[in-house]
Each structure stands twice: as C-alpha cells, then as structure tokens.
Amino acid sequence: HEDVPVSSAALLNARRIGALERVCYRYRKNRPGALMSQATTENNVIFDSYHYVFELIGKRVADADSNITYEVIAAFFERAIQHYAAVLATGSGRLERNARPLIPRDYRKKFFELMHEDYHTYRPAGYYKPAGARGIEFWLIEHNAFMLYSALEPLNHLRVGLRQALSNRFK
C-alpha cells in the first residue's frame, strides 16, 4: 500500500489533472513476497498509509489551504474506507474469483475494528454515507457490526455477481 501516500500527495498538490488514452501503469498481481499476494496481518500497513494522507490533509487545513475543501476531505475519507473494505473482502468471494485472501481469517475481526476506529477518527463533520449497498457497508463499519458484516458478505457477493452478469449480457 506504499503507493497510497505517493499518489494521494500528488493529487493533493496537483493544480490540474489530465488523462491519457493509453495505459501507463501496470499493476503486477501476485508477485512472490508481495503483501498483496498473501494473507498476512502485515496488510494492516494500509492504515499507516492513510493515516499519513490524513496527516497531510490536516496540515494543509491548519495552514488554511483553500484547495482542501470539505469535498476533498470527504473524498479521501470515502476512498480510505472503500480501500480498507476491498482489502478485507479480497479472497472472501466478494471481489475476484480465485483471489487469495489478504487478511487471515483469525485477524479479520481485528482488521474490521481498525476500519471502525478510522471511520470515527477521520470522518468529516457532517459526512453523509453513500446510498445503496455502499451506504449499508459504511453503516456496518461505523457501528462496528462485524458479525452482521460477515453474514452479509455472501449476499453481497451474489448481488455483485448478478450485476456483472447482467451488465455483460446487455453490452
């Protein structure tokens, strides 16, 4: 998760952002020894990466940087929570078929608790959760409802699979 602070700092410092019509970045999955290729508690370094980002944002707010608006803070907060949830979900059947879990089974509850702590630590004042399934996921994280979150994972996996199948069918 070492790319999180770098890409976030670049986004926070950019005056303009452009897009190219070609791929310039290739993410290599399942490299031997990579954190993203194994179930390990070391994947909790994702929290350190986002803590650094929120520290950067906090310094910019303290310096009265007018570019750091509520919308910017809320977007980074939402991205952090979504990223945490994606790491927890990888290999649980929710995201990719045959994906290896990133969080060991006996560490999932602790990882979820860390998500919950960051939710309360970094949630901007007046923040409204997203609508739909994502909003339900955020509510569960906000309320530290790990058991219910875990129980709903198979249902969410089915929902995502159906949505993908339908979108592929009608392309």
# chains A, B, ... in the order shown; residues from 1 in each chain; ligands from 1
call {"tool": "select_by_dssp", "arguments": {"residues": "segment 4-145 of chain A", "states": "helix (DSSP H, G or I)", "output": "VMD selection string"}}
result
chain A and resid 4 to 13 35 to 37 41 to 62 70 to 89 105 to 122 132 to 142
call {"tool": "write_last_selection", "arguments": {"atoms": "C-alpha atoms", "output": "short mmCIF file (atom, residue, chain, number, x, y, z; two decimals), in the first residue's frame"}}
result
data_model
loop_
_atom_site.label_atom_id
_atom_site.label_comp_id
_atom_site.auth_asym_id
_atom_site.auth_seq_id
_atom_site.Cartn_x
_atom_site.Cartn_y
_atom_site.Cartn_z
CA VAL A 4 -1.31 5.42 -1.36
CA PRO A 5 0.75 8.24 0.21
CA VAL A 6 2.57 8.98 -3.05
CA SER A 7 -0.50 9.10 -5.28
CA SER A 8 -2.50 10.98 -2.65
CA ALA A 9 0.23 13.61 -2.20
CA ALA A 10 0.39 14.01 -5.99
CA LEU A 11 -3.39 14.50 -6.16
CA LEU A 12 -3.37 16.96 -3.25
CA ASN A 13 -0.60 19.02 -4.87
CA LEU A 35 1.86 -8.17 0.59
CA MET A 36 -0.98 -8.22 -1.91
CA SER A 37 -0.28 -11.88 -2.71
CA THR A 41 -1.54 -9.23 9.28
CA GLU A 42 1.13 -7.07 7.64
CA ASN A 43 -1.58 -5.89 5.25
CA ASN A 44 -2.68 -3.61 8.08
CA VAL A 45 0.03 -1.19 6.88
CA ILE A 46 -2.78 0.19 4.75
CA PHE A 47 -3.91 2.04 7.88
CA ASP A 48 -0.49 3.69 8.26
CA SER A 49 -0.63 4.77 4.62
CA TYR A 50 -3.98 6.50 5.04
CA HIS A 51 -3.02 7.95 8.43
CA TYR A 52 -0.14 9.66 6.62
CA VAL A 53 -2.55 11.01 4.00
CA PHE A 54 -4.92 12.36 6.65
CA GLU A 55 -1.95 13.94 8.43
CA LEU A 56 -1.04 15.71 5.17
CA ILE A 57 -4.62 16.90 4.80
CA GLY A 58 -4.72 18.05 8.43
CA LYS A 59 -1.55 20.12 7.95
CA ARG A 60 -2.98 21.73 4.82
CA VAL A 61 -6.22 22.55 6.67
CA ALA A 62 -4.19 24.02 9.56
CA TYR A 70 -14.87 19.61 2.57
CA GLU A 71 -15.41 17.70 -0.69
CA VAL A 72 -11.70 16.85 -0.92
CA ILE A 73 -11.59 15.63 2.68
CA ALA A 74 -14.79 13.61 2.24
CA ALA A 75 -13.47 12.05 -0.99
CA PHE A 76 -10.24 10.92 0.70
CA PHE A 77 -12.19 9.60 3.69
CA GLU A 78 -14.56 7.65 1.46
CA ARG A 79 -11.67 6.26 -0.59
CA ALA A 80 -9.88 5.09 2.57
CA ILE A 81 -12.94 3.26 3.89
CA GLN A 82 -13.63 1.70 0.46
CA HIS A 83 -9.99 0.62 0.15
CA TYR A 84 -9.99 -0.95 3.64
CA ALA A 85 -13.19 -2.83 2.81
CA ALA A 86 -11.73 -4.04 -0.50
CA VAL A 87 -8.64 -5.41 1.25
CA LEU A 88 -10.84 -7.18 3.81
CA ALA A 89 -13.09 -8.55 1.06
CA ARG A 105 -9.33 -15.48 8.89
CA ASP A 106 -8.40 -15.11 12.56
CA TYR A 107 -7.40 -11.44 12.02
CA ARG A 108 -10.49 -10.29 10.09
CA LYS A 109 -12.36 -9.08 13.20
CA LYS A 110 -9.34 -7.05 14.38
CA PHE A 111 -8.90 -5.57 10.88
CA PHE A 112 -12.59 -4.63 10.88
CA GLU A 113 -12.17 -2.95 14.29
CA LEU A 114 -9.29 -0.89 12.88
CA MET A 115 -11.57 0.14 9.99
CA HIS A 116 -14.20 1.16 12.54
CA GLU A 117 -11.66 3.23 14.53
CA ASP A 118 -10.52 5.07 11.41
CA TYR A 119 -14.13 5.64 10.39
CA HIS A 120 -14.70 7.59 13.60
CA THR A 121 -11.28 9.23 13.67
CA TYR A 122 -11.29 10.60 10.13
CA GLY A 132 -27.30 1.84 -1.62
CA ALA A 133 -25.17 -1.16 -0.73
CA ARG A 134 -22.09 1.01 -0.15
CA GLY A 135 -24.02 3.03 2.41
CA ILE A 136 -25.04 -0.15 4.23
CA GLU A 137 -21.40 -1.27 4.25
CA PHE A 138 -20.35 2.10 5.71
CA TRP A 139 -23.12 1.88 8.35
CA LEU A 140 -21.88 -1.56 9.42
CA ILE A 141 -18.31 -0.27 9.69
CA GLU A 142 -19.45 2.84 11.57
#
call {"tool": "closest_residue", "arguments": {"among": "A:Asn144, A:Leu102, A:Tyr149, A:Thr69", "to": "Pro124 of chain A", "atoms": "only C-alpha atoms"}}
result
A:Thr69
call {"tool": "atom_distance", "arguments": {"atom1": "atom CA of Glu153 of chain A", "atom2": "atom CA of Gly91 of chain A"}}
result
11.4 Å
call {"tool": "decode", "arguments": {"residues": "segment 103-119 of chain A", "atoms": "all heavy atoms", "output": "short mmCIF file (atom, residue, chain, number, x, y, z; two decimals), in the first residue's frame"}}
result
data_model
loop_
_atom_site.label_atom_id
_atom_site.label_comp_id
_atom_site.auth_asym_id
_atom_site.auth_seq_id
_atom_site.Cartn_x
_atom_site.Cartn_y
_atom_site.Cartn_z
N ILE A 103 -6.34 -10.90 4.23
CA ILE A 103 -6.41 -10.82 5.69
C ILE A 103 -6.67 -12.22 6.22
O ILE A 103 -7.66 -12.86 5.84
CB ILE A 103 -7.54 -9.86 6.14
CG1 ILE A 103 -7.36 -8.48 5.50
CG2 ILE A 103 -7.60 -9.76 7.66
CD1 ILE A 103 -6.04 -7.80 5.81
N PRO A 104 -5.80 -12.71 7.12
CA PRO A 104 -6.02 -14.05 7.68
C PRO A 104 -7.37 -14.13 8.39
O PRO A 104 -7.83 -13.16 8.99
CB PRO A 104 -4.87 -14.23 8.67
CG PRO A 104 -3.86 -13.22 8.29
CD PRO A 104 -4.60 -12.09 7.65
N ARG A 105 -8.00 -15.28 8.30
CA ARG A 105 -9.33 -15.48 8.89
C ARG A 105 -9.38 -15.07 10.36
O ARG A 105 -10.32 -14.41 10.78
CB ARG A 105 -9.71 -16.95 8.74
CG ARG A 105 -11.14 -17.26 9.09
CD ARG A 105 -11.45 -18.68 8.63
NE ARG A 105 -12.79 -19.03 8.40
CZ ARG A 105 -13.70 -18.40 7.68
NH1 ARG A 105 -13.41 -17.29 7.10
NH2 ARG A 105 -14.92 -18.87 7.52
N ASP A 106 -8.38 -15.42 11.13
CA ASP A 106 -8.40 -15.11 12.56
C ASP A 106 -8.05 -13.65 12.87
O ASP A 106 -8.08 -13.23 14.02
CB ASP A 106 -7.47 -16.06 13.33
CG ASP A 106 -6.02 -15.96 12.92
OD1 ASP A 106 -5.71 -15.35 11.86
OD2 ASP A 106 -5.17 -16.50 13.64
N TYR A 107 -7.74 -12.86 11.82
CA TYR A 107 -7.40 -11.44 12.02
C TYR A 107 -8.48 -10.52 11.43
O TYR A 107 -8.43 -9.32 11.61
CB TYR A 107 -6.04 -11.14 11.37
CG TYR A 107 -5.48 -9.79 11.70
CD1 TYR A 107 -5.02 -9.48 12.97
CD2 TYR A 107 -5.43 -8.80 10.73
CE1 TYR A 107 -4.52 -8.24 13.28
CE2 TYR A 107 -4.92 -7.54 11.03
CZ TYR A 107 -4.47 -7.26 12.29
OH TYR A 107 -3.97 -6.02 12.59
N ARG A 108 -9.46 -11.10 10.75
CA ARG A 108 -10.49 -10.29 10.09
C ARG A 108 -11.25 -9.38 11.06
O ARG A 108 -11.50 -8.22 10.76
CB ARG A 108 -11.47 -11.20 9.35
CG ARG A 108 -10.89 -11.81 8.09
CD ARG A 108 -11.83 -12.80 7.43
NE ARG A 108 -13.16 -12.29 7.18
CZ ARG A 108 -13.52 -11.52 6.14
NH1 ARG A 108 -12.62 -11.21 5.24
NH2 ARG A 108 -14.75 -11.11 6.01
N LYS A 109 -11.61 -9.90 12.23
CA LYS A 109 -12.36 -9.08 13.20
C LYS A 109 -11.52 -7.90 13.67
O LYS A 109 -12.00 -6.78 13.75
CB LYS A 109 -12.80 -9.93 14.38
CG LYS A 109 -13.71 -9.20 15.36
CD LYS A 109 -14.22 -10.15 16.42
CE LYS A 109 -15.31 -9.60 17.29
NZ LYS A 109 -15.17 -8.27 17.79
N LYS A 110 -10.24 -8.13 13.95
CA LYS A 110 -9.34 -7.05 14.38
C LYS A 110 -9.19 -6.01 13.25
O LYS A 110 -9.23 -4.81 13.50
CB LYS A 110 -7.97 -7.62 14.78
CG LYS A 110 -6.96 -6.56 15.16
CD LYS A 110 -7.41 -5.75 16.35
CE LYS A 110 -6.37 -4.73 16.74
NZ LYS A 110 -6.85 -3.77 17.74
N PHE A 111 -9.02 -6.48 12.02
CA PHE A 111 -8.90 -5.57 10.88
C PHE A 111 -10.16 -4.71 10.77
O PHE A 111 -10.09 -3.50 10.56
CB PHE A 111 -8.66 -6.36 9.59
CG PHE A 111 -8.28 -5.53 8.41
CD1 PHE A 111 -6.95 -5.28 8.13
CD2 PHE A 111 -9.24 -5.00 7.56
CE1 PHE A 111 -6.58 -4.51 7.02
CE2 PHE A 111 -8.90 -4.23 6.46
CZ PHE A 111 -7.56 -4.00 6.20
N PHE A 112 -11.32 -5.34 10.93
CA PHE A 112 -12.59 -4.63 10.88
C PHE A 112 -12.65 -3.56 11.99
O PHE A 112 -13.11 -2.44 11.76
CB PHE A 112 -13.76 -5.60 11.01
CG PHE A 112 -15.10 -4.99 10.73
CD1 PHE A 112 -15.59 -4.95 9.43
CD2 PHE A 112 -15.86 -4.45 11.75
CE1 PHE A 112 -16.83 -4.38 9.16
CE2 PHE A 112 -17.09 -3.88 11.49
CZ PHE A 112 -17.58 -3.84 10.19
N GLU A 113 -12.19 -3.91 13.18
CA GLU A 113 -12.17 -2.95 14.29
C GLU A 113 -11.28 -1.75 13.96
O GLU A 113 -11.61 -0.61 14.31
CB GLU A 113 -11.71 -3.63 15.57
CG GLU A 113 -12.73 -4.60 16.13
CD GLU A 113 -12.18 -5.49 17.24
OE1 GLU A 113 -10.97 -5.41 17.56
OE2 GLU A 113 -12.98 -6.28 17.79
N LEU A 114 -10.17 -1.99 13.29
CA LEU A 114 -9.29 -0.89 12.88
C LEU A 114 -10.00 -0.01 11.84
O LEU A 114 -9.85 1.22 11.86
CB LEU A 114 -7.97 -1.43 12.34
CG LEU A 114 -7.09 -2.14 13.36
CD1 LEU A 114 -5.91 -2.84 12.67
CD2 LEU A 114 -6.60 -1.18 14.43
N MET A 115 -10.76 -0.63 10.95
CA MET A 115 -11.57 0.14 9.99
C MET A 115 -12.56 1.03 10.74
O MET A 115 -12.72 2.21 10.42
CB MET A 115 -12.35 -0.81 9.07
CG MET A 115 -11.52 -1.61 8.12
SD MET A 115 -12.41 -2.98 7.28
CE MET A 115 -13.84 -2.21 6.60
N HIS A 116 -13.22 0.44 11.72
CA HIS A 116 -14.20 1.16 12.54
C HIS A 116 -13.54 2.36 13.25
O HIS A 116 -14.10 3.46 13.25
CB HIS A 116 -14.81 0.19 13.55
CG HIS A 116 -15.58 0.83 14.64
ND1 HIS A 116 -16.84 1.35 14.45
CD2 HIS A 116 -15.28 1.02 15.95
CE1 HIS A 116 -17.28 1.85 15.61
NE2 HIS A 116 -16.35 1.66 16.51
N GLU A 117 -12.37 2.14 13.83
CA GLU A 117 -11.66 3.23 14.53
C GLU A 117 -11.34 4.37 13.57
O GLU A 117 -11.54 5.54 13.90
CB GLU A 117 -10.38 2.70 15.17
CG GLU A 117 -10.61 1.84 16.38
CD GLU A 117 -9.31 1.21 16.90
OE1 GLU A 117 -8.22 1.73 16.59
OE2 GLU A 117 -9.41 0.19 17.60
N ASP A 118 -10.84 4.03 12.38
CA ASP A 118 -10.52 5.07 11.41
C ASP A 118 -11.78 5.77 10.91
O ASP A 118 -11.76 6.97 10.63
CB ASP A 118 -9.73 4.49 10.23
CG ASP A 118 -8.24 4.42 10.52
OD1 ASP A 118 -7.85 4.58 11.69
OD2 ASP A 118 -7.47 4.19 9.57
N TYR A 119 -12.87 5.03 10.81
CA TYR A 119 -14.13 5.64 10.39
C TYR A 119 -14.47 6.79 11.34
O TYR A 119 -14.80 7.89 10.90
CB TYR A 119 -15.25 4.61 10.39
CG TYR A 119 -16.52 5.11 9.75
CD1 TYR A 119 -16.82 4.80 8.43
CD2 TYR A 119 -17.42 5.91 10.46
CE1 TYR A 119 -17.98 5.27 7.84
CE2 TYR A 119 -18.57 6.38 9.87
CZ TYR A 119 -18.84 6.07 8.56
OH TYR A 119 -19.99 6.55 7.98
#
